[in-house]
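Okay, upload.pdb is below, PDB, C-alpha atoms:
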```pdb
ATOM      1  CA  MET E1050       3.104  79.397-124.385
ATOM      2  CA  LEU E1051       3.213  77.197-121.279
ATOM      3  CA  VAL E1052       2.131  80.168-119.121
ATOM      4  CA  VAL E1053      -0.903  80.716-121.368
ATOM      5  CA  VAL E1054      -1.871  77.030-121.181
ATOM      6  CA  LEU E1055      -1.504  76.916-117.390
ATOM      7  CA  ALA E1056      -3.531  80.110-116.903
ATOM      8  CA  LEU E1057      -6.339  78.894-119.175
ATOM      9  CA  LEU E1058      -6.389  75.517-117.415
ATOM     10  CA  ALA E1059      -6.626  77.357-114.082
ATOM     11  CA  ALA E1060      -9.553  79.388-115.419
ATOM     12  CA  LEU E1061     -11.240  76.199-116.647
ATOM     13  CA  SER E1062     -10.725  74.528-113.262
ATOM     14  CA  ASN E1063     -12.166  77.560-111.473
ATOM     15  CA  ALA E1064     -15.210  77.569-113.740
ATOM     16  CA  THR E1065     -15.724  73.827-113.264
ATOM     17  CA  ALA E1066     -15.525  74.249-109.489
ATOM     18  CA  SER E1067     -18.231  76.921-109.556
ATOM     19  CA  VAL E1068     -20.512  74.862-111.806
ATOM     20  CA  LEU E1069     -20.149  71.671-109.737
ATOM     21  CA  GLN E1070     -20.756  73.463-106.446
ATOM     22  CA  ARG E1071     -23.733  75.344-107.898
ATOM     23  CA  ARG E1072     -25.121  71.993-109.125
ATOM     24  CA  ALA E1073     -24.732  70.570-105.617
ATOM     25  CA  ALA E1074     -26.496  73.635-104.213
ATOM     26  CA  ALA E1075     -29.318  73.348-106.765
ATOM     27  CA  ASP E1076     -29.825  69.673-105.901
ATOM     28  CA  GLU E1077     -30.141  70.389-102.177
ATOM     29  CA  PRO E1078     -33.648  71.486-101.021
ATOM     30  CA  ASP E1079     -33.637  75.050 -99.718
ATOM     31  CA  GLY E1080     -35.074  74.255 -96.292
ATOM     32  CA  GLY E1081     -36.360  77.789 -95.672
ATOM     33  CA  ALA E1082     -34.947  80.973 -94.179
ATOM     34  CA  GLY E1083     -33.152  81.419 -90.891
ATOM     35  CA  THR E1084     -29.686  80.718 -89.530
ATOM     36  CA  ARG E1085     -30.466  77.181 -88.361
ATOM     37  CA  GLN E1086     -31.875  76.224 -91.764
ATOM     38  CA  ALA E1087     -28.875  77.781 -93.533
ATOM     39  CA  VAL E1088     -26.430  75.837 -91.351
ATOM     40  CA  ARG E1089     -28.338  72.594 -91.971
ATOM     41  CA  TRP E1090     -28.379  73.288 -95.709
ATOM     42  CA  LEU E1091     -24.635  73.995 -95.742
ATOM     43  CA  ARG E1092     -23.869  70.836 -93.762
ATOM     44  CA  ASN E1093     -25.863  68.740 -96.223
ATOM     45  CA  VAL E1094     -24.458  70.331 -99.380
ATOM     46  CA  LEU E1095     -20.855  69.900 -98.213
ATOM     47  CA  ARG E1096     -21.441  66.149 -98.132
ATOM     48  CA  ARG E1097     -22.546  65.926-101.759
ATOM     49  CA  PRO E1098     -19.994  64.295-104.091
ATOM     50  CA  LEU E1099     -20.398  67.067-106.663
ATOM     51  CA  TRP E1100     -19.495  69.696-104.066
ATOM     52  CA  VAL E1101     -16.434  67.697-103.012
ATOM     53  CA  ALA E1102     -15.421  67.354-106.671
ATOM     54  CA  GLY E1103     -15.810  71.126-107.038
ATOM     55  CA  ALA E1104     -13.549  71.668-104.030
ATOM     56  CA  GLY E1105     -10.951  69.416-105.675
ATOM     57  CA  MET E1106     -11.150  71.451-108.892
ATOM     58  CA  LEU E1107     -10.689  74.635-106.864
ATOM     59  CA  ALA E1108      -7.541  73.209-105.290
ATOM     60  CA  LEU E1109      -6.278  72.199-108.745
ATOM     61  CA  SER E1110      -6.972  75.726-109.995
ATOM     62  CA  THR E1111      -4.876  77.171-107.171
ATOM     63  CA  VAL E1112      -1.941  74.930-108.100
ATOM     64  CA  LEU E1113      -2.229  75.746-111.816
ATOM     65  CA  GLN E1114      -2.472  79.480-111.188
ATOM     66  CA  ALA E1115       0.530  79.389-108.868
ATOM     67  CA  ALA E1116       2.499  77.511-111.532
ATOM     68  CA  ALA E1117       1.480  80.055-114.176
ATOM     69  CA  LEU E1118       2.530  82.944-111.938
ATOM     70  CA  GLY E1119       5.807  81.198-111.219
ATOM     71  CA  LEU E1120       6.640  81.131-114.934
ATOM     72  CA  GLY E1121       5.017  84.345-116.128
ATOM     73  CA  SER E1122       3.969  87.805-115.023
ATOM     74  CA  LEU E1123       0.803  88.804-113.212
ATOM     75  CA  ALA E1124       0.059  91.133-116.132
ATOM     76  CA  LEU E1125      -0.187  88.112-118.453
ATOM     77  CA  VAL E1126      -1.910  85.638-116.139
ATOM     78  CA  GLN E1127      -4.657  87.889-114.736
ATOM     79  CA  PRO E1128      -6.268  88.813-118.085
ATOM     80  CA  LEU E1129      -6.239  85.169-119.178
ATOM     81  CA  MET E1130      -8.117  84.205-116.009
ATOM     82  CA  ALA E1131     -11.064  86.269-117.299
ATOM     83  CA  ALA E1132     -11.761  83.334-119.640
ATOM     84  CA  GLU E1133     -13.317  81.723-116.565
ATOM     85  CA  LEU E1134     -16.573  83.503-117.424
ATOM     86  CA  LEU E1135     -16.923  81.798-120.807
ATOM     87  CA  PHE E1136     -15.726  78.454-119.458
ATOM     88  CA  THR E1137     -18.533  78.669-116.875
ATOM     89  CA  LEU E1138     -21.129  78.717-119.644
ATOM     90  CA  VAL E1139     -19.466  75.886-121.571
ATOM     91  CA  VAL E1140     -19.101  73.594-118.545
ATOM     92  CA  GLY E1141     -22.531  74.612-117.240
ATOM     93  CA  SER E1142     -24.146  73.645-120.544
ATOM     94  CA  ALA E1143     -22.745  70.131-120.166
ATOM     95  CA  VAL E1144     -23.512  69.729-116.463
ATOM     96  CA  PHE E1145     -27.032  71.176-116.515
ATOM     97  CA  HIS E1146     -27.912  69.879-120.004
ATOM     98  CA  ARG E1147     -29.168  73.315-121.058
ATOM     99  CA  ARG E1148     -27.633  76.039-123.177
ATOM    100  CA  PRO E1149     -27.740  79.617-121.858
ATOM    101  CA  ASP E1150     -29.558  82.051-124.102
ATOM    102  CA  PRO E1151     -27.581  84.063-126.725
ATOM    103  CA  ARG E1152     -27.856  87.290-124.717
ATOM    104  CA  THR E1153     -26.043  85.621-121.815
ATOM    105  CA  TRP E1154     -23.244  84.442-124.117
ATOM    106  CA  LEU E1155     -22.828  87.962-125.519
ATOM    107  CA  ALA E1156     -22.894  89.503-122.050
ATOM    108  CA  PHE E1157     -20.288  87.085-120.674
ATOM    109  CA  ALA E1158     -18.080  87.597-123.744
ATOM    110  CA  ALA E1159     -18.230  91.378-123.296
ATOM    111  CA  LEU E1160     -17.452  91.087-119.583
ATOM    112  CA  ALA E1161     -14.523  88.720-120.156
ATOM    113  CA  ALA E1162     -13.087  90.859-122.965
ATOM    114  CA  GLY E1163     -13.569  94.077-121.008
ATOM    115  CA  LEU E1164     -11.918  92.665-117.891
ATOM    116  CA  ALA E1165      -8.986  91.273-119.891
ATOM    117  CA  VAL E1166      -8.442  94.579-121.726
ATOM    118  CA  PHE E1167      -8.669  96.609-118.519
ATOM    119  CA  LEU E1168      -6.263  94.367-116.591
ATOM    120  CA  THR E1169      -3.796  94.362-119.491
ATOM    121  CA  SER E1170      -3.871  98.167-119.671
ATOM    122  CA  ALA E1171      -3.799  98.783-115.929
ATOM    123  CA  ALA E1172      -1.234  96.083-115.073
ATOM    124  CA  PRO E1173       0.357  97.509-111.899
ATOM    125  CA  THR E1174       4.074  97.561-111.253
ATOM    126  CA  ALA E1175       5.475  95.562-108.348
ATOM    127  CA  GLY E1176       5.195  97.291-104.992
ATOM    128  CA  ARG E1177       6.134  96.561-101.399
ATOM    129  CA  SER E1178       5.880  93.021-100.015
ATOM    130  CA  THR E1179       4.173  94.209 -96.806
ATOM    131  CA  ALA E1180       1.987  97.126 -95.739
ATOM    132  CA  SER E1181       1.926  99.316 -92.633
ATOM    133  CA  ALA E1182      -0.577  98.742 -89.834
ATOM    134  CA  GLY E1183      -2.250 102.068 -90.610
ATOM    135  CA  ARG E1184      -2.867 101.125 -94.234
ATOM    136  CA  TRP E1185      -4.253  97.775 -93.158
ATOM    137  CA  LEU E1186      -6.672  99.392 -90.708
ATOM    138  CA  VAL E1187      -8.064 101.673 -93.408
ATOM    139  CA  ALA E1188      -8.249  98.958 -96.072
ATOM    140  CA  ALA E1189      -9.800  96.377 -93.756
ATOM    141  CA  GLY E1190     -12.353  98.908 -92.510
ATOM    142  CA  VAL E1191     -13.402  99.818 -96.055
ATOM    143  CA  VAL E1192     -13.569  96.202 -97.247
ATOM    144  CA  LEU E1193     -15.489  94.965 -94.215
ATOM    145  CA  GLY E1194     -17.882  97.902 -94.547
ATOM    146  CA  VAL E1195     -18.536  97.067 -98.201
ATOM    147  CA  VAL E1196     -19.082  93.381 -97.387
ATOM    148  CA  ALA E1197     -21.474  94.281 -94.551
ATOM    149  CA  VAL E1198     -23.506  96.621 -96.786
ATOM    150  CA  LEU E1199     -23.703  94.080 -99.625
ATOM    151  CA  THR E1200     -24.720  91.280 -97.258
ATOM    152  CA  ALA E1201     -27.346  93.398 -95.505
ATOM    153  CA  THR E1202     -28.766  94.574 -98.829
ATOM    154  CA  SER E1203     -28.970  90.988-100.109
ATOM    155  CA  ARG E1204     -31.382  90.102 -97.305
ATOM    156  CA  GLY E1205     -34.033  92.347 -98.813
ATOM    157  CA  VAL E1206     -34.019  90.689-102.242
ATOM    158  CA  ARG E1207     -34.338  87.194-103.665
ATOM    159  CA  GLY E1208     -33.162  85.246-106.689
ATOM    160  CA  ALA E1209     -30.637  86.727-109.112
ATOM    161  CA  PRO E1210     -30.129  90.080-107.300
ATOM    162  CA  ARG E1211     -29.363  88.246-104.062
ATOM    163  CA  ALA E1212     -26.940  85.890-105.820
ATOM    164  CA  ALA E1213     -25.165  88.834-107.470
ATOM    165  CA  LEU E1214     -24.844  90.787-104.215
ATOM    166  CA  LEU E1215     -23.540  87.771-102.288
ATOM    167  CA  GLY E1216     -21.207  86.895-105.161
ATOM    168  CA  LEU E1217     -19.784  90.415-105.067
ATOM    169  CA  ALA E1218     -19.422  90.295-101.273
ATOM    170  CA  SER E1219     -17.585  86.986-101.625
ATOM    171  CA  ALA E1220     -15.345  88.455-104.351
ATOM    172  CA  VAL E1221     -14.347  91.407-102.179
ATOM    173  CA  SER E1222     -13.613  89.008 -99.310
ATOM    174  CA  PHE E1223     -11.499  86.770-101.553
ATOM    175  CA  ALA E1224      -9.528  89.813-102.734
ATOM    176  CA  LEU E1225      -8.872  90.776 -99.104
ATOM    177  CA  THR E1226      -7.786  87.184 -98.404
ATOM    178  CA  ALA E1227      -5.310  87.334-101.284
ATOM    179  CA  ALA E1228      -3.910  90.644-100.040
ATOM    180  CA  LEU E1229      -3.513  89.208 -96.534
ATOM    181  CA  LEU E1230      -1.783  86.156 -97.986
ATOM    182  CA  LYS E1231       0.661  88.489 -99.727
ATOM    183  CA  GLU E1232       1.332  90.108 -96.345
ATOM    184  CA  VAL E1233       1.960  86.676 -94.819
ATOM    185  CA  THR E1234       4.430  85.658 -97.524
ATOM    186  CA  GLY E1235       6.148  89.026 -97.189
ATOM    187  CA  ARG E1236       6.774  88.334 -93.507
ATOM    188  CA  LEU E1237       8.177  84.837 -93.978
ATOM    189  CA  ALA E1238      11.685  86.276 -93.846
ATOM    190  CA  ASP E1239      11.102  87.013 -90.140
ATOM    191  CA  GLY E1240      10.768  83.290 -89.437
ATOM    192  CA  VAL E1241       7.827  80.947 -88.942
ATOM    193  CA  GLY E1242       7.888  81.369 -85.178
ATOM    194  CA  THR E1243       7.492  85.126 -85.458
ATOM    195  CA  LEU E1244       4.815  84.726 -88.104
ATOM    196  CA  LEU E1245       2.725  82.539 -85.782
ATOM    197  CA  THR E1246       2.680  85.291 -83.151
ATOM    198  CA  THR E1247       1.436  88.050 -85.477
ATOM    199  CA  TRP E1248      -2.031  88.845 -86.786
ATOM    200  CA  PRO E1249      -1.823  88.448 -90.615
ATOM    201  CA  LEU E1250      -1.885  84.638 -90.613
ATOM    202  CA  TYR E1251      -5.056  84.487 -88.519
ATOM    203  CA  ALA E1252      -6.683  87.365 -90.374
ATOM    204  CA  THR E1253      -6.082  85.478 -93.628
ATOM    205  CA  ALA E1254      -7.871  82.412 -92.274
ATOM    206  CA  ALA E1255     -10.774  84.515 -91.001
ATOM    207  CA  ALA E1256     -11.186  86.426 -94.259
ATOM    208  CA  GLY E1257     -10.998  83.185 -96.250
ATOM    209  CA  GLY E1258     -13.669  81.620 -94.063
ATOM    210  CA  VAL E1259     -16.005  84.577 -94.594
ATOM    211  CA  ALA E1260     -15.386  84.491 -98.358
ATOM    212  CA  PHE E1261     -16.154  80.750 -98.441
ATOM    213  CA  LEU E1262     -19.452  81.120 -96.544
ATOM    214  CA  LEU E1263     -20.565  84.024 -98.737
ATOM    215  CA  LEU E1264     -19.749  82.052-101.879
ATOM    216  CA  GLN E1265     -21.863  79.094-100.760
ATOM    217  CA  ALA E1266     -24.680  81.504 -99.892
ATOM    218  CA  ALA E1267     -24.437  82.952-103.410
ATOM    219  CA  PHE E1268     -24.692  79.473-104.947
ATOM    220  CA  ARG E1269     -27.732  78.796-102.767
ATOM    221  CA  ALA E1270     -29.390  82.113-103.621
ATOM    222  CA  GLY E1271     -29.555  81.941-107.397
ATOM    223  CA  THR E1272     -28.126  81.291-110.813
ATOM    224  CA  LEU E1273     -24.475  81.296-111.827
ATOM    225  CA  ALA E1274     -25.357  83.805-114.548
ATOM    226  CA  ALA E1275     -25.820  86.332-111.751
ATOM    227  CA  SER E1276     -23.139  85.340-109.234
ATOM    228  CA  GLN E1277     -20.193  84.368-111.461
ATOM    229  CA  PRO E1278     -19.689  87.746-113.218
ATOM    230  CA  ALA E1279     -19.891  89.542-109.870
ATOM    231  CA  LEU E1280     -17.404  87.074-108.398
ATOM    232  CA  THR E1281     -14.876  87.252-111.251
ATOM    233  CA  LEU E1282     -15.004  91.010-111.845
ATOM    234  CA  GLY E1283     -15.259  91.941-108.186
ATOM    235  CA  ASP E1284     -12.235  89.854-107.206
ATOM    236  CA  ALA E1285     -10.023  91.200-110.014
ATOM    237  CA  LEU E1286     -10.926  94.878-109.636
ATOM    238  CA  THR E1287     -10.782  94.829-105.833
ATOM    239  CA  SER E1288      -7.372  93.149-105.984
ATOM    240  CA  VAL E1289      -6.065  95.949-108.216
ATOM    241  CA  ALA E1290      -7.405  98.545-105.767
ATOM    242  CA  LEU E1291      -5.919  96.777-102.721
ATOM    243  CA  GLY E1292      -2.568  96.367-104.466
ATOM    244  CA  TRP E1293      -2.473 100.119-105.040
ATOM    245  CA  GLY E1294      -3.752 101.128-101.607
ATOM    246  CA  LEU E1295      -1.771  98.670 -99.486
ATOM    247  CA  PHE E1296       1.405  97.766-101.312
ATOM    248  CA  GLY E1297       2.000 100.817-103.480
ATOM    249  CA  GLU E1298       1.569  98.994-106.778
ATOM    250  CA  GLN E1299       1.535 101.788-109.357
ATOM    251  CA  ILE E1300      -0.781 101.993-112.345
ATOM    252  CA  THR E1301       0.728 104.193-115.061
ATOM    253  CA  LEU E1302      -1.684 104.197-117.962
ATOM    254  CA  GLY E1303      -0.368 106.971-120.204
ATOM    255  CA  VAL E1304      -1.434 106.172-123.758
ATOM    256  CA  ARG E1305      -2.974 102.960-122.412
ATOM    257  CA  VAL E1306      -5.811 104.936-120.873
ATOM    258  CA  VAL E1307      -7.773 104.446-124.106
ATOM    259  CA  PRO E1308      -7.863 100.624-123.934
ATOM    260  CA  ALA E1309      -8.488 100.843-120.180
ATOM    261  CA  VAL E1310     -11.571 103.003-120.803
ATOM    262  CA  LEU E1311     -12.613 100.656-123.617
ATOM    263  CA  GLY E1312     -12.362  97.745-121.194
ATOM    264  CA  LEU E1313     -14.577  99.531-118.663
ATOM    265  CA  LEU E1314     -17.104 100.345-121.398
ATOM    266  CA  LEU E1315     -17.214  96.677-122.407
ATOM    267  CA  ILE E1316     -17.772  95.712-118.777
ATOM    268  CA  GLY E1317     -20.600  98.229-118.558
ATOM    269  CA  ALA E1318     -22.181  96.975-121.779
ATOM    270  CA  GLY E1319     -21.888  93.363-120.664
ATOM    271  CA  THR E1320     -23.463  94.195-117.313
ATOM    272  CA  ALA E1321     -26.386  95.956-119.016
ATOM    273  CA  GLN E1322     -26.922  92.977-121.347
ATOM    274  CA  LEU E1323     -26.722  90.544-118.453
ATOM    275  CA  ALA E1324     -29.420  92.415-116.536
ATOM    276  CA  ARG E1325     -31.856  91.594-119.360
ATOM    277  CA  ALA E1326     -30.663  88.054-120.052
ATOM    278  CA  PRO E1327     -33.274  85.297-119.475
ATOM    279  CA  SER E1328     -30.657  82.994-117.894
ATOM    280  CA  VAL E1329     -30.242  85.371-114.959
ATOM    281  CA  SER E1330     -33.797  84.909-113.739
ATOM    282  CA  GLY E1331     -34.499  81.594-115.463
ATOM    283  CA  HIS E1332     -33.787  77.938-114.825
ATOM    284  CA  TRP E1333     -30.578  77.407-116.800
ATOM    285  CA  ASP E1334     -28.499  76.059-113.920
ATOM    286  CA  GLU E1335     -31.069  74.195-111.906
ATOM    287  CA  ALA E1336     -31.057  70.421-111.648
ATOM    288  CA  PRO E1337     -31.701  68.859-115.086
ATOM    289  CA  ARG E1338     -35.291  67.957-115.887
ATOM    290  CA  PRO E1339     -36.859  66.065-118.756
ATOM    291  CA  PRO E1340     -37.163  68.400-121.780
ATOM    292  CA  ASP E1341     -40.957  68.563-121.628
ATOM    293  CA  THR E1342     -41.365  69.256-117.897
ATOM    294  CA  GLY E1343     -39.616  72.550-117.319
ATOM    295  CA  PRO E1344     -38.263  75.716-118.889
ATOM    296  CA  GLY E1345     -34.833  76.062-120.358
ATOM    297  CA  ARG E1346     -33.133  75.143-123.584
ATOM    298  CA  PRO E1347     -32.294  71.407-123.497
ATOM    299  CA  LEU E1348     -29.189  70.312-125.303
ATOM    300  CA  PRO E1349     -29.910  68.115-128.301
TER     301      PRO E1349
END
```
Please re-express this file's structure in structure tokens.
Amino acid sequence: MLVVVLALLAALSNATASVLQRRAAADEPDGGAGTRQAVRWLRNVLRRPLWVAGAGMLALSTVLQAAALGLGSLALVQPLMAAELLFTLVVGSAVFHRRPDPRTWLAFAALAAGLAVFLTSAAPTAGRSTASAGRWLVAAGVVLGVVAVLTATSRGVRGAPRAALLGLASAVSFALTAALLKEVTGRLADGVGTLLTTWPLYATAAAGGVAFLLLQAAFRAGTLAASQPALTLGDALTSVALGWGLFGEQITLGVRVVPAVLGLLLIGAGTAQLARAPSVSGHWDEAPRPPDTGPGRPLP
């Protein structure tokens, strides 16, 4: 029971972090396109108290998730973390003083349920603690290629599509960061001195930095209704793929292939619903306005 509580609290903290940092991004004037404007915008938004509070919630989420994983299995904790999607809507409703439309609620519920069912069915067995250099070269090349394509594609669109693409690029980068961190912890037995002279530690920092910048760009680009599903699903599914490709974590579905397929179908249905949800292209998570001066659904 304690594992369940810790995992759900971690999901709530993650959702709160996203909402607070999106609020900080929505409060900061865009400042226009271009690298210099983006750097100025980022410098300003990092100083906002709401962004700092979001960073604190993200740190708390990391501690809670680590505690949950210390007491329970990855197969139990990962599906529970999918509740982050629904928590995002609940916390966002309070912070932005607007309720998302019913279609968004249904879409997020389908995505969260589908992800939880899929992760429960496909829960991989434990694999190696480290991976060979050859496997890392292939995996890093594929991941960096995907991130580059997503980032380049995002430059040609605006609003929700841009937020979704950058959210997905950030998710893939976060998954790579987690895999690199696993490599680092697997090499701790060689000693800290040896670890400081090898590449995984520095690659982890670099990948984490890229993931952070892409996440802030996603918050700047558009609504949480577009970026958060891409972030949550992309991170989880990419992590499963990297665990299999790098560390030999085996997925033996057997009779569980039926719920795994059901989970993927729910994810597909939720994605289709989300594409038509007004919150994705609307003003749900912009800075609160008086009820009679802007669109949205004010809370009573």
Discussion item. When the PyMOL selection byres ((chain E and resi 1172-1177) around 12) is applied to the structure above, which residues does it catch, written out as a ChimeraX atom specification?
Written reply: /E:1122-1128,1164-1171,1178-1181,1228,1231-1232,1234-1236,1285-1286,1288-1302,1305-1306,1308-1309
Find the smallest box with edges along x, y and z containing every listed atom of region 1197-1216 of chain E, then add 6 Å on each side and report centre and edge lengths in Å to one decimal, as lines of an AutoDock Vina configuration file.
```
center_x = -27.8
center_y = 90.9
center_z = -101.8
size_x = 25.1
size_y = 23.4
size_z = 26.6
```
Worksheet item: What do you get, as a list in words, if you spell out every residue that the PyMOL selection byres ((chain E and resi 1076) around 12) selects here?
Response: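 Output from the PyMOL selection byres ((chain E and resi 1076) around 12), applied to this file: Leu1069, Gln1070, Arg1071, Arg1072, Ala1073, Ala1074, Ala1075, Glu1077, Pro1078, Asp1079, Gly1080, Trp1090, Asn1093, Val1094, Leu1095, Arg1096, Arg1097, Pro1098, Leu1099, Trp1100, Phe1145, Phe1268, Arg1269, Asp1334, Glu1335, Ala1336, Pro1337 and Arg1338 of chain E.
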Discussion item. Just the number, please: distance in Å from CA of Gly1283 (chain E) to CA of Ser1203 (chain E), one decimal.
Written reply: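 These two atoms are separated by 15.9 Å.
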Which region 1143-1201 of chain E residues have any atom within 12 Å of an atom of region 1322-1328 of chain E, and for each, what is the nearest pair of atoms with distance in Å to one decimal, counting all atoms listed in the file, rows sorted by chain and number, as a tab-separated table?
```
residue	atom	partner	partner_atom	distance
E:Arg1147	CA	E:Ser1328	CA	10.3
E:Arg1148	CA	E:Ser1328	CA	9.2
E:Pro1149	CA	E:Ser1328	CA	6.0
E:Asp1150	CA	E:Ser1328	CA	6.4
E:Pro1151	CA	E:Ala1326	CA	8.4
E:Arg1152	CA	E:Ala1326	CA	5.5
E:Thr1153	CA	E:Ala1326	CA	5.5
E:Trp1154	CA	E:Leu1323	CA	9.0
E:Leu1155	CA	E:Gln1322	CA	7.7
E:Ala1156	CA	E:Leu1323	CA	5.4
E:Phe1157	CA	E:Leu1323	CA	7.6
E:Ala1158	CA	E:Leu1323	CA	10.6
E:Ala1159	CA	E:Gln1322	CA	9.1
E:Leu1160	CA	E:Leu1323	CA	9.4
```
Since we have the selection now, will you write its residues out, keeping C-alpha atoms, as a PDB file, in the coordinates of the input?
```pdb
ATOM      1  CA  ARG E1147     -29.168  73.315-121.058  1.00  0.00           C
ATOM      2  CA  ARG E1148     -27.633  76.039-123.177  1.00  0.00           C
ATOM      3  CA  PRO E1149     -27.740  79.617-121.858  1.00  0.00           C
ATOM      4  CA  ASP E1150     -29.558  82.051-124.102  1.00  0.00           C
ATOM      5  CA  PRO E1151     -27.581  84.063-126.725  1.00  0.00           C
ATOM      6  CA  ARG E1152     -27.856  87.290-124.717  1.00  0.00           C
ATOM      7  CA  THR E1153     -26.043  85.621-121.815  1.00  0.00           C
ATOM      8  CA  TRP E1154     -23.244  84.442-124.117  1.00  0.00           C
ATOM      9  CA  LEU E1155     -22.828  87.962-125.519  1.00  0.00           C
ATOM     10  CA  ALA E1156     -22.894  89.503-122.050  1.00  0.00           C
ATOM     11  CA  PHE E1157     -20.288  87.085-120.674  1.00  0.00           C
ATOM     12  CA  ALA E1158     -18.080  87.597-123.744  1.00  0.00           C
ATOM     13  CA  ALA E1159     -18.230  91.378-123.296  1.00  0.00           C
ATOM     14  CA  LEU E1160     -17.452  91.087-119.583  1.00  0.00           C
TER      15      LEU E1160
END
```
Worksheet item: Applied to the shown file, which residues does the PyMOL selection byres ((chain E and resi 1067) around 8) return, written as a list in words?
Response: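 Evaluating the PyMOL selection byres ((chain E and resi 1067) around 8) on this file yields Asn1063, Ala1064, Thr1065, Ala1066, Val1068, Leu1069, Gln1070, Arg1071, Gly1103, Thr1137, Leu1273 and Gln1277 of chain E.
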Practice prompt. Can you work out which one of E:Ala1197, E:Leu1120, E:Ala1132, E:Ala1218 has the shortest atom-to-atom distance to Gln1265 (chain E), counting all atoms listed in the file?
Written response: E:Ala1218
Practice prompt. Rank E:Val1144, E:Leu1315, E:Met1050, E:Val1192 by their smallest atom-to-atom distance to Ala1260 (chain E), using only C-alpha atoms, and report the top residue only.
Written response: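 Of E:Val1144, E:Leu1315, E:Met1050, E:Val1192, the one nearest Ala1260 (chain E) is E:Val1192, counting only C-alpha atoms.
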Fill in: Residues near Leu1057 (chain E), cut-off 10 Å, all atoms listed in the file, skip fewer than 5 positions along chain, as a list in words
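My list of contacting residues is Leu1051, Val1052, Ser1062, Asn1063, Ser1110, Leu1113, Gln1114, Ala1117, Val1126, Pro1128, Leu1129, Met1130, Ala1131, Ala1132, Glu1133 and Phe1136 of chain E.
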Practice prompt. State, in Å with one decimal place, the distance from CA of Leu1217 (chain E) to CA of Leu1263 (chain E).
Written response: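 Here the two named atoms are 9.0 Å from each other.
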